[in-house]
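Shown next: query08.pdb, given as PDB, C-alpha atoms.
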```pdb
ATOM      1  CA  MET L  23      14.310 -35.910 -20.361
ATOM      2  CA  GLN L  24      15.419 -32.549 -21.764
ATOM      3  CA  GLU L  25      14.893 -29.591 -19.433
ATOM      4  CA  GLN L  26      12.123 -27.272 -20.590
ATOM      5  CA  THR L  27      13.255 -23.896 -21.922
ATOM      6  CA  PRO L  28      12.065 -21.105 -19.605
ATOM      7  CA  PHE L  29       9.220 -18.942 -20.855
ATOM      8  CA  LEU L  30      10.967 -15.991 -19.197
ATOM      9  CA  LYS L  31      13.895 -15.229 -16.903
ATOM     10  CA  LEU L  32      13.377 -12.454 -14.366
ATOM     11  CA  LYS L  33      14.147 -11.343 -10.836
ATOM     12  CA  ASP L  34      12.431 -10.281  -7.648
ATOM     13  CA  HIS L  35      12.482  -6.505  -8.131
ATOM     14  CA  ALA L  36      10.565  -5.714  -4.950
ATOM     15  CA  VAL L  37      12.431  -7.424  -2.110
ATOM     16  CA  SER L  38      15.285  -9.891  -2.569
ATOM     17  CA  GLY L  39      16.776  -9.220  -6.017
ATOM     18  CA  GLU L  40      17.013 -12.994  -6.515
ATOM     19  CA  ASN L  41      16.678 -14.579  -9.952
ATOM     20  CA  PHE L  42      13.777 -16.787 -11.019
ATOM     21  CA  GLU L  43      12.324 -18.406 -14.130
ATOM     22  CA  LEU L  44       8.796 -18.850 -15.441
ATOM     23  CA  HIS L  45       7.931 -22.190 -17.030
ATOM     24  CA  LEU L  46       4.823 -22.994 -19.040
ATOM     25  CA  ASN L  47       2.571 -25.739 -17.712
ATOM     26  CA  GLU L  48       0.873 -27.035 -20.835
ATOM     27  CA  GLU L  49      -1.831 -28.905 -18.919
ATOM     28  CA  TYR L  50      -3.152 -25.821 -17.137
ATOM     29  CA  HIS L  51      -1.957 -23.128 -19.588
ATOM     30  CA  TRP L  52      -0.349 -21.200 -16.742
ATOM     31  CA  LEU L  53       3.202 -20.177 -15.906
ATOM     32  CA  GLU L  54       4.974 -21.536 -12.825
ATOM     33  CA  THR L  55       7.634 -19.710 -10.814
ATOM     34  CA  ARG L  56      10.900 -21.656 -10.418
ATOM     35  CA  PRO L  57      12.731 -22.264  -8.196
ATOM     36  CA  ARG L  58       9.772 -22.224  -5.873
ATOM     37  CA  PRO L  59      10.746 -21.244  -2.310
ATOM     38  CA  GLU L  60       9.753 -23.543   0.519
ATOM     39  CA  GLN L  61       6.514 -22.413   2.142
ATOM     40  CA  SER L  62       8.368 -21.914   5.435
ATOM     41  CA  GLU L  63      10.642 -19.388   3.688
ATOM     42  CA  MET L  64       7.947 -17.325   1.976
ATOM     43  CA  ASP L  65       7.483 -14.774   4.767
ATOM     44  CA  ARG L  66      10.811 -13.102   4.071
ATOM     45  CA  TYR L  67       9.707 -12.245   0.526
ATOM     46  CA  TYR L  68       6.872 -10.147   1.966
ATOM     47  CA  GLU L  69       9.102  -8.247   4.399
ATOM     48  CA  SER L  70       9.042  -4.840   2.774
ATOM     49  CA  GLU L  71       7.521  -1.501   3.761
ATOM     50  CA  ASP L  72       6.629  -1.129   0.100
ATOM     51  CA  TYR L  73       4.296  -4.153   0.099
ATOM     52  CA  ILE L  74       1.344  -1.823  -0.020
ATOM     53  CA  SER L  75      -1.546  -4.282   0.397
ATOM     54  CA  HIS L  76      -0.370  -5.044   3.952
ATOM     55  CA  THR L  77      -0.450  -1.421   5.136
ATOM     56  CA  ASP L  78      -2.609   1.703   4.988
ATOM     57  CA  ALA L  79       0.442   3.897   4.361
ATOM     58  CA  ARG L  80       0.088   7.156   2.418
ATOM     59  CA  ARG L  81       3.721   8.278   2.491
ATOM     60  CA  ASN L  82       4.015   9.572  -1.084
ATOM     61  CA  TRP L  83       2.005  10.421  -4.188
ATOM     62  CA  PHE L  84       2.101   6.820  -5.441
ATOM     63  CA  GLU L  85       0.618   5.398  -2.242
ATOM     64  CA  LYS L  86      -1.997   8.188  -2.113
ATOM     65  CA  LEU L  87      -2.935   7.434  -5.723
ATOM     66  CA  TYR L  88      -3.095   3.727  -4.924
ATOM     67  CA  HIS L  89      -5.630   4.323  -2.147
ATOM     68  CA  ARG L  90      -7.763   6.626  -4.300
ATOM     69  CA  VAL L  91      -7.981   4.015  -7.038
ATOM     70  CA  LYS L  92      -8.525   1.353  -4.385
ATOM     71  CA  ALA L  93     -11.613   3.234  -3.156
ATOM     72  CA  ILE L  94     -13.071   3.245  -6.676
ATOM     73  CA  ASN L  95     -12.330  -0.449  -7.101
ATOM     74  CA  LEU L  96     -13.901  -1.250  -3.724
ATOM     75  CA  ASN L  97     -17.219   0.214  -4.849
ATOM     76  CA  ARG L  98     -17.058  -1.778  -8.067
ATOM     77  CA  LYS L  99     -16.368  -4.966  -6.105
ATOM     78  CA  ILE L 100     -19.405  -4.301  -3.915
ATOM     79  CA  LYS L 101     -21.588  -3.838  -7.011
ATOM     80  CA  LEU L 102     -20.282  -7.141  -8.352
ATOM     81  CA  ILE L 103     -21.077  -9.145  -5.220
ATOM     82  CA  GLU L 104     -24.469  -7.431  -4.914
ATOM     83  CA  SER L 105     -25.274  -8.604  -8.454
ATOM     84  CA  GLN L 106     -24.920 -12.257  -7.398
ATOM     85  CA  ASP L 107     -28.458 -12.357  -5.904
ATOM     86  CA  SER L 108     -27.447 -13.804  -2.532
ATOM     87  CA  ASP L 109     -30.330 -14.020  -0.070
ATOM     88  CA  SER L 110     -28.413 -14.509   3.175
ATOM     89  CA  LYS L 111     -25.429 -12.351   2.096
ATOM     90  CA  ARG L 112     -22.666 -14.318   3.821
ATOM     91  CA  LEU L 113     -19.248 -13.273   2.519
ATOM     92  CA  LEU L 114     -15.791 -14.801   3.006
ATOM     93  CA  ASP L 115     -12.792 -12.862   1.705
ATOM     94  CA  ILE L 116      -9.602 -14.917   1.328
ATOM     95  CA  GLY L 117      -6.431 -12.840   1.810
ATOM     96  CA  CYS L 118      -8.431  -9.862   3.024
ATOM     97  CA  GLY L 119      -5.402  -7.599   3.554
ATOM     98  CA  THR L 120      -6.242  -4.581   5.696
ATOM     99  CA  GLY L 121      -9.975  -5.312   5.544
ATOM    100  CA  ASP L 122     -11.385  -2.359   3.615
ATOM    101  CA  PHE L 123     -13.448  -4.508   1.246
ATOM    102  CA  LEU L 124     -14.995  -6.406   4.157
ATOM    103  CA  HIS L 125     -15.703  -3.169   6.014
ATOM    104  CA  LEU L 126     -17.569  -1.715   3.035
ATOM    105  CA  ALA L 127     -19.440  -4.984   2.478
ATOM    106  CA  LYS L 128     -20.443  -5.000   6.147
ATOM    107  CA  THR L 129     -21.907  -1.496   5.851
ATOM    108  CA  ASN L 130     -23.920  -2.831   2.895
ATOM    109  CA  GLY L 131     -25.536  -5.538   4.986
ATOM    110  CA  TRP L 132     -23.191  -8.479   4.453
ATOM    111  CA  ALA L 133     -22.222 -10.875   7.233
ATOM    112  CA  VAL L 134     -18.461 -10.893   6.705
ATOM    113  CA  SER L 135     -15.483 -13.089   7.545
ATOM    114  CA  GLY L 136     -11.893 -12.832   6.371
ATOM    115  CA  ILE L 137      -8.709 -14.869   6.276
ATOM    116  CA  GLU L 138      -5.332 -13.087   6.280
ATOM    117  CA  PRO L 139      -1.943 -14.735   6.937
ATOM    118  CA  ASN L 140       0.032 -11.511   7.456
ATOM    119  CA  GLU L 141      -0.061 -10.483  11.112
ATOM    120  CA  GLN L 142       0.256  -6.738  10.511
ATOM    121  CA  ALA L 143      -2.486  -6.662   7.875
ATOM    122  CA  ARG L 144      -4.701  -8.945   9.989
ATOM    123  CA  SER L 145      -4.398  -6.593  12.965
ATOM    124  CA  ILE L 146      -5.451  -3.605  10.844
ATOM    125  CA  ALA L 147      -8.348  -5.587   9.336
ATOM    126  CA  SER L 148      -9.534  -6.649  12.805
ATOM    127  CA  SER L 149      -9.522  -3.042  14.005
ATOM    128  CA  LYS L 150     -11.958  -2.199  11.184
ATOM    129  CA  ASN L 151     -14.174  -5.277  11.272
ATOM    130  CA  GLY L 152     -13.999  -6.812  14.738
ATOM    131  CA  PRO L 153     -13.257 -10.465  15.617
ATOM    132  CA  VAL L 154     -14.157 -11.891  12.207
ATOM    133  CA  ILE L 155     -10.624 -11.931  10.749
ATOM    134  CA  PHE L 156      -8.621 -15.146  11.132
ATOM    135  CA  ASP L 157      -5.206 -16.468  10.253
ATOM    136  CA  PRO L 158      -5.245 -19.685   8.181
ATOM    137  CA  ALA L 159      -4.430 -21.900  11.191
ATOM    138  CA  GLU L 160      -7.336 -20.474  13.207
ATOM    139  CA  TRP L 161      -9.654 -20.931  10.268
ATOM    140  CA  LYS L 162      -8.886 -24.648   9.933
ATOM    141  CA  ASN L 163     -10.132 -25.165  13.492
ATOM    142  CA  ARG L 164     -13.490 -23.528  12.805
ATOM    143  CA  GLU L 165     -16.706 -25.317  11.918
ATOM    144  CA  GLU L 166     -17.275 -25.168   8.177
ATOM    145  CA  ASP L 167     -20.075 -22.699   7.476
ATOM    146  CA  LEU L 168     -21.591 -22.083   4.060
ATOM    147  CA  TYR L 169     -21.027 -18.781   2.232
ATOM    148  CA  ASP L 170     -22.958 -17.146  -0.565
ATOM    149  CA  VAL L 171     -19.894 -15.383  -1.980
ATOM    150  CA  ILE L 172     -16.209 -16.236  -1.565
ATOM    151  CA  THR L 173     -13.728 -13.707  -2.957
ATOM    152  CA  LEU L 174     -10.024 -13.844  -3.767
ATOM    153  CA  TRP L 175      -8.789 -10.442  -4.901
ATOM    154  CA  HIS L 176      -5.281 -11.069  -6.274
ATOM    155  CA  VAL L 177      -4.764 -14.016  -3.938
ATOM    156  CA  LEU L 178      -4.936 -17.259  -5.959
ATOM    157  CA  GLU L 179      -1.511 -16.570  -7.485
ATOM    158  CA  HIS L 180      -0.002 -16.646  -3.962
ATOM    159  CA  LEU L 181      -1.461 -19.990  -2.863
ATOM    160  CA  PRO L 182       0.710 -23.135  -2.893
ATOM    161  CA  ASP L 183      -1.945 -25.305  -4.609
ATOM    162  CA  PRO L 184      -4.646 -23.429  -6.582
ATOM    163  CA  SER L 185      -6.582 -26.577  -7.496
ATOM    164  CA  LYS L 186      -6.819 -27.801  -3.912
ATOM    165  CA  ALA L 187      -7.804 -24.329  -2.761
ATOM    166  CA  ILE L 188     -10.703 -24.245  -5.218
ATOM    167  CA  GLN L 189     -11.783 -27.717  -4.065
ATOM    168  CA  ASP L 190     -11.810 -26.450  -0.471
ATOM    169  CA  TYR L 191     -13.898 -23.397  -1.401
ATOM    170  CA  PHE L 192     -16.375 -25.623  -3.257
ATOM    171  CA  LYS L 193     -17.157 -27.378   0.054
ATOM    172  CA  ILE L 194     -18.049 -24.178   1.921
ATOM    173  CA  LEU L 195     -19.911 -22.409  -0.899
ATOM    174  CA  SER L 196     -23.717 -22.532  -0.969
ATOM    175  CA  GLU L 197     -25.306 -24.307  -3.929
ATOM    176  CA  GLU L 198     -26.189 -21.038  -5.654
ATOM    177  CA  GLY L 199     -23.102 -19.245  -4.379
ATOM    178  CA  SER L 200     -20.355 -17.499  -6.364
ATOM    179  CA  LEU L 201     -16.585 -17.896  -6.213
ATOM    180  CA  ILE L 202     -14.985 -14.645  -7.428
ATOM    181  CA  ILE L 203     -11.310 -14.693  -8.408
ATOM    182  CA  ALA L 204      -9.210 -11.717  -9.572
ATOM    183  CA  VAL L 205      -5.725 -12.399 -10.970
ATOM    184  CA  PRO L 206      -3.167 -10.738 -13.270
ATOM    185  CA  ASN L 207      -3.289 -11.824 -16.904
ATOM    186  CA  PHE L 208       0.085 -12.673 -18.465
ATOM    187  CA  ARG L 209      -1.495 -12.520 -21.939
ATOM    188  CA  SER L 210      -2.186  -8.778 -21.633
ATOM    189  CA  PHE L 211      -0.409  -6.219 -23.793
ATOM    190  CA  ASP L 212       1.373  -4.594 -20.827
ATOM    191  CA  ALA L 213       2.785  -8.012 -19.862
ATOM    192  CA  SER L 214       4.129  -8.557 -23.374
ATOM    193  CA  TYR L 215       5.515  -4.994 -23.474
ATOM    194  CA  TYR L 216       7.408  -5.050 -20.168
ATOM    195  CA  LYS L 217       8.407  -8.735 -20.348
ATOM    196  CA  SER L 218      10.737  -9.562 -17.406
ATOM    197  CA  ASN L 219      10.041  -6.139 -15.855
ATOM    198  CA  TRP L 220       6.267  -6.626 -15.752
ATOM    199  CA  ALA L 221       5.211  -5.980 -12.158
ATOM    200  CA  GLY L 222       2.305  -8.398 -12.524
ATOM    201  CA  TYR L 223       4.726 -11.331 -12.282
ATOM    202  CA  ASP L 224       5.926 -10.255  -8.801
ATOM    203  CA  VAL L 225       8.059 -13.367  -8.262
ATOM    204  CA  PRO L 226       8.362 -15.301  -6.037
ATOM    205  CA  ARG L 227       5.286 -14.062  -4.171
ATOM    206  CA  HIS L 228       3.274 -14.991  -7.249
ATOM    207  CA  LEU L 229       3.787 -18.712  -7.665
ATOM    208  CA  TRP L 230       1.417 -19.037 -10.628
ATOM    209  CA  HIS L 231       0.623 -16.741 -13.549
ATOM    210  CA  PHE L 232      -2.799 -17.200 -15.102
ATOM    211  CA  SER L 233      -4.528 -16.754 -18.414
ATOM    212  CA  ARG L 234      -8.259 -17.029 -19.072
ATOM    213  CA  ASP L 235      -7.659 -20.594 -20.279
ATOM    214  CA  SER L 236      -6.002 -21.411 -16.930
ATOM    215  CA  ILE L 237      -9.031 -20.341 -14.928
ATOM    216  CA  GLU L 238     -11.465 -22.145 -17.222
ATOM    217  CA  ILE L 239      -9.458 -25.373 -16.862
ATOM    218  CA  LEU L 240      -9.257 -24.998 -13.070
ATOM    219  CA  ALA L 241     -12.998 -24.366 -12.926
ATOM    220  CA  GLU L 242     -13.925 -27.377 -15.068
ATOM    221  CA  GLN L 243     -11.631 -29.740 -13.173
ATOM    222  CA  ASN L 244     -13.148 -28.708  -9.834
ATOM    223  CA  ASN L 245     -16.894 -28.763 -10.657
ATOM    224  CA  PHE L 246     -17.295 -25.083 -11.382
ATOM    225  CA  LYS L 247     -18.416 -23.274 -14.503
ATOM    226  CA  LEU L 248     -17.235 -19.859 -15.614
ATOM    227  CA  LYS L 249     -20.226 -17.543 -15.405
ATOM    228  CA  SER L 250     -18.673 -14.211 -16.382
ATOM    229  CA  VAL L 251     -15.392 -12.299 -16.795
ATOM    230  CA  HIS L 252     -14.868  -8.648 -15.845
ATOM    231  CA  PRO L 253     -11.943  -6.277 -16.540
ATOM    232  CA  MET L 254      -9.880  -4.436 -13.928
ATOM    233  CA  LYS L 255      -8.878  -1.496 -16.113
ATOM    234  CA  PHE L 256      -7.088   0.504 -13.416
ATOM    235  CA  ASP L 257      -4.663  -2.363 -12.826
ATOM    236  CA  ALA L 258      -2.920  -1.636 -16.115
ATOM    237  CA  TYR L 259      -1.931   1.838 -14.850
ATOM    238  CA  TYR L 260      -0.765   0.671 -11.430
ATOM    239  CA  VAL L 261       1.201  -2.244 -12.878
ATOM    240  CA  SER L 262       2.711  -0.100 -15.652
ATOM    241  CA  LEU L 263       3.948   2.496 -13.146
ATOM    242  CA  LEU L 264       5.710  -0.197 -11.125
ATOM    243  CA  SER L 265       7.016  -1.824 -14.295
ATOM    244  CA  GLU L 266       8.547   1.482 -15.393
ATOM    245  CA  LYS L 267      10.322   1.650 -12.036
ATOM    246  CA  TYR L 268      11.678  -1.880 -12.466
ATOM    247  CA  LYS L 269      12.703  -1.138 -16.044
ATOM    248  CA  SER L 270      14.488   2.187 -15.609
ATOM    249  CA  GLY L 271      14.703   2.911 -11.876
ATOM    250  CA  TRP L 272      12.010   5.592 -11.834
ATOM    251  CA  MET L 273       8.288   5.839 -12.482
ATOM    252  CA  ASN L 274       7.973   7.329 -15.941
ATOM    253  CA  ILE L 275       4.382   8.506 -15.560
ATOM    254  CA  PHE L 276       3.891   9.468 -19.195
ATOM    255  CA  ASN L 277       5.164   6.208 -20.653
ATOM    256  CA  ALA L 278       3.259   4.180 -18.048
ATOM    257  CA  PHE L 279       0.040   6.018 -18.943
ATOM    258  CA  PHE L 280       0.641   5.439 -22.651
ATOM    259  CA  VAL L 281       1.355   1.705 -22.238
ATOM    260  CA  ALA L 282      -1.595   1.169 -19.884
ATOM    261  CA  SER L 283      -3.999   3.043 -22.150
ATOM    262  CA  ARG L 284      -2.788   1.081 -25.144
ATOM    263  CA  SER L 285      -3.193  -2.150 -23.189
ATOM    264  CA  ASN L 286      -6.781  -1.308 -22.276
ATOM    265  CA  LEU L 287      -7.561  -0.270 -25.849
ATOM    266  CA  LYS L 288      -6.253  -3.553 -27.224
ATOM    267  CA  ALA L 289      -8.100  -5.449 -24.487
ATOM    268  CA  SER L 290     -11.385  -3.791 -25.446
ATOM    269  CA  ARG L 291     -11.170  -5.942 -28.578
ATOM    270  CA  SER L 292      -9.344  -9.044 -27.320
ATOM    271  CA  GLY L 293     -10.596  -9.200 -23.713
ATOM    272  CA  GLU L 294      -6.996  -9.584 -22.490
ATOM    273  CA  TYR L 295      -6.926  -6.905 -19.780
ATOM    274  CA  SER L 296      -3.989  -6.556 -17.370
ATOM    275  CA  SER L 297      -6.086  -8.184 -14.646
ATOM    276  CA  LEU L 298      -9.377 -10.034 -14.908
ATOM    277  CA  ILE L 299     -12.146 -10.970 -12.477
ATOM    278  CA  TYR L 300     -13.708 -14.398 -12.945
ATOM    279  CA  VAL L 301     -17.093 -15.324 -11.469
ATOM    280  CA  LEU L 302     -17.483 -19.087 -10.992
ATOM    281  CA  ARG L 303     -20.605 -21.058 -10.077
ATOM    282  CA  LYS L 304     -21.026 -24.684  -9.044
ATOM    283  CA  VAL L 305     -21.926 -27.075 -11.842
TER
END
```

Take the structure in this file and express it as structure tokens.
Amino acid sequence: MQEQTPFLKLKDHAVSGENFELHLNEEYHWLETRPRPEQSEMDRYYESEDYISHTDARRNWFEKLYHRVKAINLNRKIKLIESQDSDSKRLLDIGCGTGDFLHLAKTNGWAVSGIEPNEQARSIASSKNGPVIFDPAEWKNREEDLYDVITLWHVLEHLPDPSKAIQDYFKILSEEGSLIIAVPNFRSFDASYYKSNWAGYDVPRHLWHFSRDSIEILAEQNNFKLKSVHPMKFDAYYVSLLSEKYKSGWMNIFNAFFVASRSNLKASRSGEYSSLIYVLRKV
């Protein structure tokens, strides 16, 4: 059988500098990172002080800007989960990072739990939320409770088996509950503009690269239906700034702003924003 031509060749700009390829999976309409590192080797690809979601660092203007935008996005996420009409308000956040979303949800009356594999991030999250943050191994030993909302904010692309993960979440989601998934969109304009330098690919930490079709297929195959789709407009600016750095070695603020604004303008007609939030419900 002839080897499939790569959709794109690119490298790990953030940590290792190693080369990778993206290949199109025609069944799921997603891209797959190859070669795919062994799961036991993945930790070393996260070993960087610049992996901002695992720290609360504010060392420079970029990190300060990141946390300001993060605060705005956190409030929007709370509004989204509040709109799901959950009576008991039990929330599970997969890959909860440093726990800010859970902390804000808790102050809004949610009973929160989180799963976070990174030890440093988990420690920070626990300091904010108490003993409700678990590593994946601890979580497997817990009794399966039911949740009204399960969230994955830029997490599904990191998981070794997205379909199995969604099957697992189906089992612990209440009958009227919502599964909320946010992922980068490789069909966005900024992805097509930056190509191999697009920060949204973030190989090999991102094992899968989704389109709207990908999520709809995953949902249908695992007894979910797609209820609604929501844009993450700020992501285009954050991703474009990083992409400029990968492209030229420095963050060209003006070009990044232009590309991101153009991406959002095009997406206002096509729906193909840099990142999208999908709300799934059980069939």

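With distances restricted to only C-alpha atoms, L:Arg227 is the closest residue to Glu63 of chain L from L:Asp122, L:Lys128, L:Glu49, L:Arg227.
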
| said: Using all atoms listed in the file, which protein or nucleic acid residues come within 7 Å of Asn219 of chain L? Drop anything in the same chain fewer than 3 positions from it, and give the result as a list in words. | reply: Tyr216, Ser265, Tyr268 and Lys269 of chain L

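Among L:Ile239, L:Leu298, L:Val225, L:Val154, the residue with the shortest atom-to-atom distance to Phe42 of chain L, counting only C-alpha atoms, is L:Val225.
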
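Selection check: the PyMOL selection byres ((chain L and resi 293) around 10) on the shown file gives Arg209, Ser210, Arg234, Val251, His252, Pro253, Asn286, Leu287, Lys288, Ala289, Ser290, Arg291, Ser292, Glu294, Tyr295, Ser296 and Leu298 of chain L.
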
Any chance you could export the current selection's C-alpha atoms as a tab-separated table (two decimals), keeping the file's coordinate frame?
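File again-v1.tsv, as written:
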```
chain	number	residue	atom	x	y	z
L	209	ARG	CA	-1.50	-12.52	-21.94
L	210	SER	CA	-2.19	-8.78	-21.63
L	234	ARG	CA	-8.26	-17.03	-19.07
L	251	VAL	CA	-15.39	-12.30	-16.80
L	252	HIS	CA	-14.87	-8.65	-15.84
L	253	PRO	CA	-11.94	-6.28	-16.54
L	286	ASN	CA	-6.78	-1.31	-22.28
L	287	LEU	CA	-7.56	-0.27	-25.85
L	288	LYS	CA	-6.25	-3.55	-27.22
L	289	ALA	CA	-8.10	-5.45	-24.49
L	290	SER	CA	-11.38	-3.79	-25.45
L	291	ARG	CA	-11.17	-5.94	-28.58
L	292	SER	CA	-9.34	-9.04	-27.32
L	294	GLU	CA	-7.00	-9.58	-22.49
L	295	TYR	CA	-6.93	-6.90	-19.78
L	296	SER	CA	-3.99	-6.56	-17.37
L	298	LEU	CA	-9.38	-10.03	-14.91
```

Selection dump of the PyMOL selection byres ((chain L and resi 133) around 7), as a PDB file with C-alpha atoms, in the frame of the given file:
```pdb
ATOM      1  CA  LYS L 111     -25.429 -12.351   2.096  1.00  0.00           C
ATOM      2  CA  ARG L 112     -22.666 -14.318   3.821  1.00  0.00           C
ATOM      3  CA  LEU L 113     -19.248 -13.273   2.519  1.00  0.00           C
ATOM      4  CA  LYS L 128     -20.443  -5.000   6.147  1.00  0.00           C
ATOM      5  CA  GLY L 131     -25.536  -5.538   4.986  1.00  0.00           C
ATOM      6  CA  TRP L 132     -23.191  -8.479   4.453  1.00  0.00           C
ATOM      7  CA  VAL L 134     -18.461 -10.893   6.705  1.00  0.00           C
TER       8      VAL L 134
END
```

Could you work out an axis-aligned box for segment 223-241 of chain L, taking every atom the file lists and adding 4 Å on each side, and report centre and edge lengths in Å to one decimal, as JSON?
```
{"center_x": -2.3, "center_y": -17.8, "center_z": -12.2, "size_x": 29.4, "size_y": 23.1, "size_z": 24.1}
```

| message | Need to verify the contact set: Gln106 of chain L, 12 Å, only C-alpha atoms, exclusion of same-chain residues closer than 2 positions in sequence. Can you return it as a PyMOL selection string? | response | chain L and resi 99-104+108-113+170-172+198-202+249-250+301-303

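A straight line drawn from atom CA of Val261 of chain L to atom CA of Asn95 of chain L is 14.8 Å long.
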
| Could you write out as number ranges by chain the residues that the PyMOL selection byres ((chain L and resi 137) around 12) matches in the shown file? | L: 113-121, 124, 134-136, 138-141, 143-145, 147-148, 153-162, 164, 172-174, 177

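Distance-wise, atom CA of Phe246 of chain L and atom CA of Phe232 of chain L end up 16.9 Å apart.
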
| said: As an exercise, work out the distance from atom CA of Ser285 of chain L to atom CA of Val91 of chain L in Å and give it to one decimal place. | reply: 17.9 Å

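Proximity of L:Gly39, L:Pro206, L:Pro184, L:Pro59 to Lys255 of chain L, computed with only C-alpha atoms, is greatest for L:Pro206.
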
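Considering all atoms listed in the file, the residue among L:Lys247, L:Ala93, L:Leu229, L:Phe276 positioned nearest to His180 of chain L is L:Leu229.
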
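Among L:Asn47, L:Ser233, L:Thr27, L:Asn245, the residue with the shortest atom-to-atom distance to Phe192 of chain L, counting all atoms listed in the file, is L:Asn245.
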
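Distance check against Leu168 of chain L using all atoms listed in the file: of L:Tyr191, L:Ser297, L:Tyr68, L:Leu53, the minimum falls on L:Tyr191.
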